[in-house]
Structure formats: C-alpha cells, structure tokens
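Comments concern the structure below.
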Amino acid sequence: LDDALVLGIESSCDDTGVAVVRACDGAILGQALATQVDIHAPWGGVVPNLAMEAHAAAMDGTVAAALADAGVAAADLHAVAVTVGPGLALCLQVGVRKARQLAAEHALQLVPVHHMEAHALVARMGNPRLAFPFLCLLVSGGHNLLVVAEGVGRYSLLGATLDDAVGEAYDKSARLLGLPADPNGGAALEAFAAGGDPARFAFSPPLRGRGGCNFSYAGLKTAVRLAIEAEAPGPPTDANRQARADIAASFQRVAVAHLEERTRRAAGWAREAHPRLRHLVVSGGVAANALVRARLQAAAATHALELVAPLPALCTDNGAMADRDEEWVDVRPRWPLTDRCDPRSLPE
Ligand code: KG4
Ligand code: ZN
C-alpha cells in the first residue's frame with residue numbers, strides 16, 4: 001500500500017486540525033485547521049464545554065476542507081487516524097466520533113494516536129534522515145518532557161515537569177503582564193520581550209543544584225508576579241511598559257536557560273547510553289520560539305547532535321500529527337507517555 005492515504009484528526013484541545021497524509025513518506029497532501037481563538041479569549045483559558053461545541057460545529061467542514069485541499073474523496077482513503085489522548089475528554093470524543101463514522105462509512109482502518117507521541121514524531125516529516133534512537137524535548141502548554149525515542153511506541157522518560165509546563169509559564173506570565181494571552185501567550189511574550197533587557201531581573205534558575213532532568217516553572221512564574229507588583233504595578237501603561245518588557249525578557253532568559261541546562265544534561269547521558277544517537281528533536285508549541293531554538297542549537301552542538309525542529313506550523317497542534325500504527329483503543333484523556341515506555345530516572 002505504497003500510496004495509502006491516511007486522514008488525521010486532532011481535537012484534543014482548542015484546535016480542530018485535519019490532514020491528509022501519504023503513508024509511505026508522510027507527505028502532507030492537504031490540511032485544514034479551525035481555531036477557537038475568539039471563543040476562549042474572554043475567559044482567560046480553554047473552556048471545555050465551549051471547546052467541545054466548537055469542535056462539533058467545525059468538524060465536518062474541516063474534514064471536507066482537508067479532503068478538498070488534497071483533491072481526494074473520503075472513499076479514496078485507507079485509514080483514519082485520530083488523537084485519543086491525552087487531552088480534554090469532551091473534545092477528544094468529537095474527533096473520535098467523526099473518525100469512527102468515517103471508518104464505518106468507508107471501511108477504513110481506525111488508528112488511535114497519542115498526542116505527545118505525535119508531537120515527537122512529526123519531526124520525521126520533512127526529515128527522512130531522522131532515525132531512531134533520538135533525544136526529544138517536548139515543550140507545549142501542557143507538557144514538558146525529555147524522552148529518548150527508541151522506536152515507535154518505545155520511549156524512555158528522562159525528565160518531566162514537577163509543576164507547570166514551560167508553555168503554561170509563558171501563558172501565565174503573558175497574562176500577568178497584560179499581554180494577549182490566549183491562545184498563544186508564548187508568541188505574544190516573545191515579541192514583547194524583544195524590547196526588554198534580559199539582564200535586568202536576576203530571577204533564580206529553577207531547581208538550581210538539583211540533578212536529574214526534571215523541570216519546574218511554578219517558582220519562576222511567582223517571581224514574575226512579584227516583580228510586576230514591585231516594579232510595574234497596576235494596569236499596563238506607557239510609564240511601566242519598559243519595566244514590563246524587562247520582566248518579560250528576564251523571564252524568557254531564565255525559562256529558556258532552564259530548558260537548555262536540562263537538555264544538555266540529558267544529551268550527555270543519552271549519548272553515552274545510545275552511542276548511535278545523533279539527533280535532538282524539539283517539538284511542541286514552545287519550539288516555535290527563536291531563543292529556544294538558538295539555545296538548543298548550542299546544546300546540540302556541544303554533544304555533536306543535529307538539532308531537528310519541525311516547521312513552526314507542525315510544532316503546534318495539527319491534523320498531520322495523527323498518523324501512526326496501533327490497534328484501536330478508546331478515548332484516554334489522561335494517558336501518560338510513560339505508560340508505554342520503560343521509565344528510567346537519571347542519577348541525581
Ligand atoms: O503544542 P501546542 O500548540 O499545544 C499544546 O499545549 O498541546 O503548544 C501551545 C503552547 C502554548 O503554551 C503557547 O504559549 C506556546 O506553546 N507557544 C510559545 C510560542 N508559540 C507557542 N511559547 C513560547 N514562544 C513562542 N513563540
Ligand atoms: Zn499539543
């Protein structure tokens with residue numbers, strides 16, 4: 001089935017993403033994305049009920065648009081892949097229902113997809129040379145993981161966040177700074193920080209002096225709040241704008257340095273444990289950040305690894321993520337990537 005066509009459906013959070021992918025080489029033949037930016041913006045976060053309704057309203061049209069973009073009919077498909085977890089249960093169910101309906105109607109194979117695994121594996125699209133094993137840093141709004149991907153479905157967890165994910169810290173800090181935080185506080189903060197002095201605030205590096213490859217971002221977020229209260233209180237004004245930009249830039253310097261430090265440690269370990277390992281993949285929404293890419297590039301170079309960063313459009317949630325093989329399971333709103341791997345902690 002060299003030219004088998006897979007329809008991928010992703011609805012785990014606030015984006016309805018659909019893509020048509022050619023199975024043999026992962027080429028994206030067509031895609032469509034419906035975002036819910038305007039729906040959740042007034043609420044300061046994703047509201048599951050509203051998200052579910054928006055997915056339900058957008059699903060049929062988004063599937064039709066992706067098929068039209070690819071120039072194929074549903075009857076031409078061979079399989080339909082769908083994110084089944086982790087994510088918001090109500091939202092996952094909308095995608096799964098559509099996938100089941102299409103599978104039944106056109107006799108398609110149904111392929112369940114792990115959301116974070118998909119973030120890791122989209123890197124292989126457009127990078128055919130990327131071979132297992134590779135080190136992968138997954139950084140999104142809900143996840144902050146370092147894993148060695150040894151094969152499809154085979155992961156060793158090196159570290160995860162003890163509290164907030166880095167994308168969540170960006171989103172919360174953006175909100176505290178009065179920036180448009182939904183759905184992408186990270187991009188807003190990155191742009192705002194460009195006008196700030198990253199050295200002005202000496203926020204403490206998270207988990208300083210602690211070994212391992214875990215992450216922590218709750219303390220840094222609190223430091224940002226305290227700095228705003230001390231140096232730039234009240235609503236954003238022209239008068240406190242520079243102080244806010246300095247806080248944003250200082251936050252970003254420390255947040256990214258923490259990613260870099262943990263990734264360097266993981267890279268050193270992974271190179272010893274897996275002599276054939278040659279690549280560092282960074283994926284998830286935060287991988288769109290230019291400073292993140294630059295610092296990870298430096299970390300990779302130290303350990304003679306090639307950095308692979310999927311195109312920004314593939315780093316965020318998208319329908320092309322849903323493209324891999326496994327037998328059917330039901331929706332799994334809480335599905336740790338480590339369920340299916342051999343968890344291994346690094347010596348402290
Ligand atoms: O992977 P993603 O689209 O959704 C999931 O969380 O699964 O990631 C979204 C996260 C948000 O927290 C957003 O603020 C962050 O990625 N993000 C960024 C940037 N673009 C998106 N963070 C920092 N800098 C960016 N340029
Ligand atoms: Zn995601």
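As shown in the structure tokens, the chain order sets the letters A, B, ...; within each chain, residues go from 1, and ligands are also counted from 1 in the order they appear.
Summary of the local environment: counting only C-alpha atoms, residues at most 10 Å from stretch 229-234 of chain A, other than itself and those fewer than 3 positions away along its chain, are Leu176, Leu177, Gly178, Ala223, Val224, Arg225, Leu226, Thr237, Ala239, Asn240, Arg241, Gln242, Ala243, Arg244, Ala245 and Ile247 of chain A.
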Keeping N, CA and C atoms, export the residues of the selection given above as a PDB file, in the first residue's frame.
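result_4.pdb was written with the following content:
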ATOM      1  N   LEU A 176      -0.160  37.885  33.255  1.00  0.00           N
ATOM      2  CA  LEU A 176       0.230  38.798  34.335  1.00  0.00           C
ATOM      3  C   LEU A 176       0.758  40.117  33.774  1.00  0.00           C
ATOM      4  N   LEU A 177       1.409  40.048  32.612  1.00  0.00           N
ATOM      5  CA  LEU A 177       1.984  41.243  32.004  1.00  0.00           C
ATOM      6  C   LEU A 177       0.951  42.039  31.212  1.00  0.00           C
ATOM      7  N   GLY A 178      -0.284  41.521  31.156  1.00  0.00           N
ATOM      8  CA  GLY A 178      -1.333  42.223  30.429  1.00  0.00           C
ATOM      9  C   GLY A 178      -1.232  42.060  28.926  1.00  0.00           C
ATOM     10  N   ALA A 223       7.914  34.481  40.674  1.00  0.00           N
ATOM     11  CA  ALA A 223       8.905  35.565  40.657  1.00  0.00           C
ATOM     12  C   ALA A 223       8.468  36.669  39.694  1.00  0.00           C
ATOM     13  N   VAL A 224       7.881  36.290  38.573  1.00  0.00           N
ATOM     14  CA  VAL A 224       7.380  37.278  37.617  1.00  0.00           C
ATOM     15  C   VAL A 224       6.264  38.102  38.260  1.00  0.00           C
ATOM     16  N   ARG A 225       5.364  37.433  38.953  1.00  0.00           N
ATOM     17  CA  ARG A 225       4.256  38.152  39.604  1.00  0.00           C
ATOM     18  C   ARG A 225       4.793  39.167  40.624  1.00  0.00           C
ATOM     19  N   LEU A 226       5.756  38.721  41.440  1.00  0.00           N
ATOM     20  CA  LEU A 226       6.310  39.610  42.468  1.00  0.00           C
ATOM     21  C   LEU A 226       7.048  40.789  41.832  1.00  0.00           C
ATOM     22  N   THR A 237       0.689  50.516  31.388  1.00  0.00           N
ATOM     23  CA  THR A 237       0.656  51.913  30.943  1.00  0.00           C
ATOM     24  C   THR A 237       1.944  52.185  30.182  1.00  0.00           C
ATOM     25  N   ALA A 239       4.020  54.307  31.119  1.00  0.00           N
ATOM     26  CA  ALA A 239       5.039  54.538  32.148  1.00  0.00           C
ATOM     27  C   ALA A 239       5.674  53.244  32.640  1.00  0.00           C
ATOM     28  N   ASN A 240       4.893  52.156  32.729  1.00  0.00           N
ATOM     29  CA  ASN A 240       5.514  50.918  33.237  1.00  0.00           C
ATOM     30  C   ASN A 240       5.818  49.912  32.121  1.00  0.00           C
ATOM     31  N   ARG A 241       5.686  50.367  30.906  1.00  0.00           N
ATOM     32  CA  ARG A 241       5.882  49.455  29.779  1.00  0.00           C
ATOM     33  C   ARG A 241       7.308  48.907  29.710  1.00  0.00           C
ATOM     34  N   GLN A 242       8.312  49.784  29.921  1.00  0.00           N
ATOM     35  CA  GLN A 242       9.703  49.310  29.819  1.00  0.00           C
ATOM     36  C   GLN A 242      10.002  48.293  30.917  1.00  0.00           C
ATOM     37  N   ALA A 243       9.532  48.570  32.140  1.00  0.00           N
ATOM     38  CA  ALA A 243       9.776  47.625  33.239  1.00  0.00           C
ATOM     39  C   ALA A 243       9.129  46.278  32.910  1.00  0.00           C
ATOM     40  N   ARG A 244       7.941  46.311  32.325  1.00  0.00           N
ATOM     41  CA  ARG A 244       7.265  45.054  31.961  1.00  0.00           C
ATOM     42  C   ARG A 244       8.042  44.312  30.875  1.00  0.00           C
ATOM     43  N   ALA A 245       8.549  45.039  29.926  1.00  0.00           N
ATOM     44  CA  ALA A 245       9.329  44.389  28.864  1.00  0.00           C
ATOM     45  C   ALA A 245      10.603  43.768  29.442  1.00  0.00           C
ATOM     46  N   ILE A 247      10.931  42.647  32.486  1.00  0.00           N
ATOM     47  CA  ILE A 247      10.494  41.440  33.217  1.00  0.00           C
ATOM     48  C   ILE A 247      10.274  40.298  32.222  1.00  0.00           C
TER      49      ILE A 247
END
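Taking only C-alpha atoms and all ligand atoms into account, every polymer residue with at least one atom at most 7 Å away from ligand 1 is listed here: A:Ser140, A:Gly141, A:Gly142, A:His143, A:Gly167, A:Glu168, A:Tyr170, A:Asp171, A:Pro183, A:Asn184, A:Gly185, A:Gly186, A:Ala187, A:Glu190, A:Gly284, A:Gly285, A:Val286, A:Ala287, A:Ala288, A:Asn289, A:Ala290, A:Cys315, A:Thr316, A:Asp317.
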Could those selected residues go to a file with C-alpha atoms, as a PDB file, in the first residue's frame?
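Final output, again-v4.pdb:
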ATOM      1  CA  SER A 140       3.889  22.652  24.927  1.00  0.00           C
ATOM      2  CA  GLY A 141       1.232  24.279  27.063  1.00  0.00           C
ATOM      3  CA  GLY A 142       0.531  21.079  28.961  1.00  0.00           C
ATOM      4  CA  HIS A 143       3.712  19.026  28.664  1.00  0.00           C
ATOM      5  CA  GLY A 167       4.310  26.913  27.700  1.00  0.00           C
ATOM      6  CA  GLU A 168       1.980  27.301  30.667  1.00  0.00           C
ATOM      7  CA  TYR A 170       4.714  31.660  29.172  1.00  0.00           C
ATOM      8  CA  ASP A 171       0.913  31.848  29.024  1.00  0.00           C
ATOM      9  CA  PRO A 183      -4.358  31.099  22.854  1.00  0.00           C
ATOM     10  CA  ASN A 184      -0.727  31.900  22.350  1.00  0.00           C
ATOM     11  CA  GLY A 185       0.747  33.857  25.241  1.00  0.00           C
ATOM     12  CA  GLY A 186       4.136  32.472  24.316  1.00  0.00           C
ATOM     13  CA  ALA A 187       4.347  34.224  20.966  1.00  0.00           C
ATOM     14  CA  GLU A 190       8.408  36.547  22.907  1.00  0.00           C
ATOM     15  CA  GLY A 284       5.502  21.219  20.771  1.00  0.00           C
ATOM     16  CA  GLY A 285       4.244  24.795  20.598  1.00  0.00           C
ATOM     17  CA  VAL A 286       7.188  26.334  22.506  1.00  0.00           C
ATOM     18  CA  ALA A 287       9.596  25.014  19.862  1.00  0.00           C
ATOM     19  CA  ALA A 288       8.377  27.895  17.670  1.00  0.00           C
ATOM     20  CA  ASN A 289      10.363  30.266  19.941  1.00  0.00           C
ATOM     21  CA  ALA A 290      13.537  31.650  18.342  1.00  0.00           C
ATOM     22  CA  CYS A 315       5.025  22.180  16.205  1.00  0.00           C
ATOM     23  CA  THR A 316       1.555  23.263  17.289  1.00  0.00           C
ATOM     24  CA  ASP A 317      -1.479  21.014  17.207  1.00  0.00           C
TER      25      ASP A 317
END
Could you list, as an NGL selection string, all residues that come within 12 Å of ligand 2? Count only C-alpha atoms and all ligand atoms. :A and (10-17 or 83 or 85-88 or 114-120 or 122 or 138-144 or 165 or 167 or 283-287 or 313-322)
From the set A:Ala301, A:Ala41, A:Pro312, A:Pro112, which residue has the shortest atom-to-atom contact distance to A:Ala99, counting only C-alpha atoms? A:Pro112
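Residues in contact with A:Ala248 at 7 Å, where only C-alpha atoms are counted and same-chain residues fewer than 4 positions away are skipped, are listed as Leu189, Ala193, Gly196, Arg244 and Gln252 of chain A.
Nearest to A:Gly153 of all the residues A:Val113, A:Ala257, A:Val18, A:Ala294 is A:Val113, counting only C-alpha atoms.
Residues of stretch 75-108 of chain A that DSSP places in strand (DSSP E or B), based on the backbone of this structure, are Ala79, Val80, Ala81, Val82, Thr83, Val84 and Gly85 of chain A.
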Write the residues of the selection above to a file with C-alpha atoms, as a PDB file, in the first residue's frame.
ATOM      1  CA  ALA A  79      -7.183   4.736   7.189  1.00  0.00           C
ATOM      2  CA  VAL A  80      -8.317   7.404   9.573  1.00  0.00           C
ATOM      3  CA  ALA A  81      -6.038   8.313  12.490  1.00  0.00           C
ATOM      4  CA  VAL A  82      -7.326  10.254  15.469  1.00  0.00           C
ATOM      5  CA  THR A  83      -5.873  11.671  18.679  1.00  0.00           C
ATOM      6  CA  VAL A  84      -7.386   9.707  21.565  1.00  0.00           C
ATOM      7  CA  GLY A  85      -5.396  11.271  24.393  1.00  0.00           C
TER       8      GLY A  85
END
I'd like the neighbourhood of A:Gly159 as an mmCIF file with N, CA and C atoms, in the first residue's frame, where a residue qualifies if any of its atoms comes within 8 Å (using only C-alpha atoms), though same-chain residues fewer than 3 positions away should be ignored.
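Result file is result_35.cif:
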data_model
loop_
_atom_site.group_PDB
_atom_site.id
_atom_site.type_symbol
_atom_site.label_atom_id
_atom_site.label_comp_id
_atom_site.auth_asym_id
_atom_site.auth_seq_id
_atom_site.Cartn_x
_atom_site.Cartn_y
_atom_site.Cartn_z
ATOM 1 N N LEU A 145 8.617 17.448 28.576
ATOM 2 C CA LEU A 145 9.224 16.126 28.714
ATOM 3 C C LEU A 145 10.541 16.033 27.968
ATOM 4 N N LEU A 146 11.452 15.257 28.521
ATOM 5 C CA LEU A 146 12.640 14.819 27.790
ATOM 6 C C LEU A 146 12.562 13.313 27.676
ATOM 7 N N VAL A 147 12.558 12.811 26.456
ATOM 8 C CA VAL A 147 12.491 11.364 26.266
ATOM 9 C C VAL A 147 13.517 10.932 25.227
ATOM 10 N N GLY A 212 19.403 15.326 37.864
ATOM 11 C CA GLY A 212 18.272 14.805 37.106
ATOM 12 C C GLY A 212 17.891 15.715 35.961
ATOM 13 N N CYS A 213 16.833 15.364 35.281
ATOM 14 C CA CYS A 213 16.399 16.132 34.111
ATOM 15 C C CYS A 213 14.971 16.624 34.249
ATOM 16 N N ASN A 214 14.496 16.728 35.492
ATOM 17 C CA ASN A 214 13.144 17.265 35.659
ATOM 18 C C ASN A 214 13.147 18.783 35.516
ATOM 19 N N PHE A 215 11.947 19.322 35.362
ATOM 20 C CA PHE A 215 11.755 20.753 35.171
ATOM 21 C C PHE A 215 10.832 21.306 36.248
ATOM 22 N N SER A 345 15.019 6.773 35.587
ATOM 23 C CA SER A 345 15.396 8.101 36.076
ATOM 24 C C SER A 345 16.910 8.226 36.084
#
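What separates atom CA of A:Leu102 from atom CA of A:Asp25 is a distance of 23.1 Å.
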For A:Leu220, find every residue with an atom within 9 Å (counting only C-alpha atoms), except residues of its own chain fewer than 3 positions away, and show them as number ranges by chain. A: 169, 203-206, 216-217, 223-225, 251, 254-255
Write the residues of the selection above to a file with N, CA and C atoms, as a CSV table (one decimal), in the first residue's frame.
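Now in out04.csv:
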chain,number,residue,atom,x,y,z
A,169,ALA,N,3.9,28.4,31.7
A,169,ALA,CA,4.6,29.6,32.3
A,169,ALA,C,4.6,30.8,31.4
A,203,PHE,N,16.1,36.6,38.2
A,203,PHE,CA,15.3,35.5,38.7
A,203,PHE,C,16.1,34.3,38.9
A,204,SER,N,15.9,33.5,40.0
A,204,SER,CA,16.7,32.3,40.3
A,204,SER,C,16.4,31.2,39.3
A,205,PRO,N,17.4,30.5,38.8
A,205,PRO,CA,17.2,29.4,37.9
A,205,PRO,C,16.5,28.3,38.7
A,206,PRO,N,15.4,27.7,38.1
A,206,PRO,CA,14.7,26.6,38.7
A,206,PRO,C,15.6,25.4,39.0
A,216,SER,N,10.9,22.6,36.5
A,216,SER,CA,10.0,23.3,37.4
A,216,SER,C,9.8,24.7,36.9
A,217,TYR,N,8.6,25.2,36.7
A,217,TYR,CA,8.3,26.5,36.3
A,217,TYR,C,7.4,27.3,37.2
A,223,ALA,N,7.9,34.5,40.7
A,223,ALA,CA,8.9,35.6,40.7
A,223,ALA,C,8.5,36.7,39.7
A,224,VAL,N,7.9,36.3,38.6
A,224,VAL,CA,7.4,37.3,37.6
A,224,VAL,C,6.3,38.1,38.3
A,225,ARG,N,5.4,37.4,39.0
A,225,ARG,CA,4.3,38.2,39.6
A,225,ARG,C,4.8,39.2,40.6
A,251,PHE,N,12.4,36.9,32.3
A,251,PHE,CA,11.7,35.6,32.4
A,251,PHE,C,12.1,34.7,31.3
A,254,VAL,N,15.6,33.2,31.7
A,254,VAL,CA,15.7,32.1,32.7
A,254,VAL,C,15.0,30.9,32.3
A,255,ALA,N,13.8,31.1,31.7
A,255,ALA,CA,12.9,29.9,31.3
A,255,ALA,C,13.7,29.1,30.3
Just checking: using only C-alpha atoms, which residue out of A:Val96, A:Val256, A:Leu296, A:Val281 ends up closest to A:Leu311? A:Val281
Within 10 Å of A:Gly30, counting only C-alpha atoms, which residues show up once you throw out same-chain ones fewer than 4 positions away? Write them as a list in words, please. Leu7, Val18, Ala19, Val20, Val21, Arg22, Ala65, Ala66, Leu67, Ala68, Asp69, Ala70, Gly71, Val72, Gly319 and Ala320 of chain A
Would you mind exporting the chosen residues as a compact mmCIF listing (two decimals), in the first residue's frame, restricted to N, CA and C atoms?
# COMPACT_ATOMS: atom_id res chain seq x y z
N LEU A 7 -6.24 9.88 6.73
CA LEU A 7 -6.82 11.13 7.19
C LEU A 7 -6.54 11.24 8.69
N VAL A 18 -7.15 18.84 10.74
CA VAL A 18 -7.36 17.66 9.90
C VAL A 18 -6.33 17.71 8.77
N ALA A 19 -5.76 16.55 8.45
CA ALA A 19 -4.80 16.50 7.34
C ALA A 19 -4.95 15.19 6.59
N VAL A 20 -4.60 15.24 5.32
CA VAL A 20 -4.49 14.02 4.51
C VAL A 20 -3.01 13.77 4.28
N VAL A 21 -2.54 12.59 4.72
CA VAL A 21 -1.11 12.28 4.68
C VAL A 21 -0.90 11.01 3.86
N ARG A 22 0.17 11.00 3.06
CA ARG A 22 0.53 9.80 2.32
C ARG A 22 1.39 8.93 3.23
N ALA A 65 -12.81 20.29 4.10
CA ALA A 65 -11.82 21.24 3.58
C ALA A 65 -10.47 20.56 3.37
N ALA A 66 -10.08 19.68 4.30
CA ALA A 66 -8.79 18.99 4.15
C ALA A 66 -8.81 18.05 2.95
N LEU A 67 -9.94 17.34 2.79
CA LEU A 67 -10.07 16.43 1.63
C LEU A 67 -10.02 17.23 0.33
N ALA A 68 -10.73 18.36 0.30
CA ALA A 68 -10.74 19.19 -0.90
C ALA A 68 -9.34 19.74 -1.18
N ASP A 69 -8.63 20.14 -0.11
CA ASP A 69 -7.27 20.67 -0.26
C ASP A 69 -6.36 19.62 -0.89
N ALA A 70 -6.59 18.35 -0.51
CA ALA A 70 -5.77 17.26 -1.05
C ALA A 70 -6.27 16.79 -2.41
N GLY A 71 -7.50 17.18 -2.77
CA GLY A 71 -8.07 16.75 -4.03
C GLY A 71 -8.46 15.28 -4.03
N VAL A 72 -8.86 14.76 -2.85
CA VAL A 72 -9.29 13.35 -2.78
C VAL A 72 -10.67 13.27 -2.14
N GLY A 319 -3.49 18.42 12.21
CA GLY A 319 -4.05 17.13 11.82
C GLY A 319 -3.01 16.13 11.34
N ALA A 320 -1.87 16.62 10.86
CA ALA A 320 -0.85 15.70 10.35
C ALA A 320 -0.21 14.90 11.48
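Among A:Val6, A:Ala123, A:Leu280, A:Leu135, the residue with the shortest atom-to-atom distance to A:His78, counting only C-alpha atoms, is A:Val6.
Nearest to A:Asp60 of all the residues A:Ala309, A:Leu158, A:Ala32, A:Cys24 is A:Ala32, counting only C-alpha atoms.
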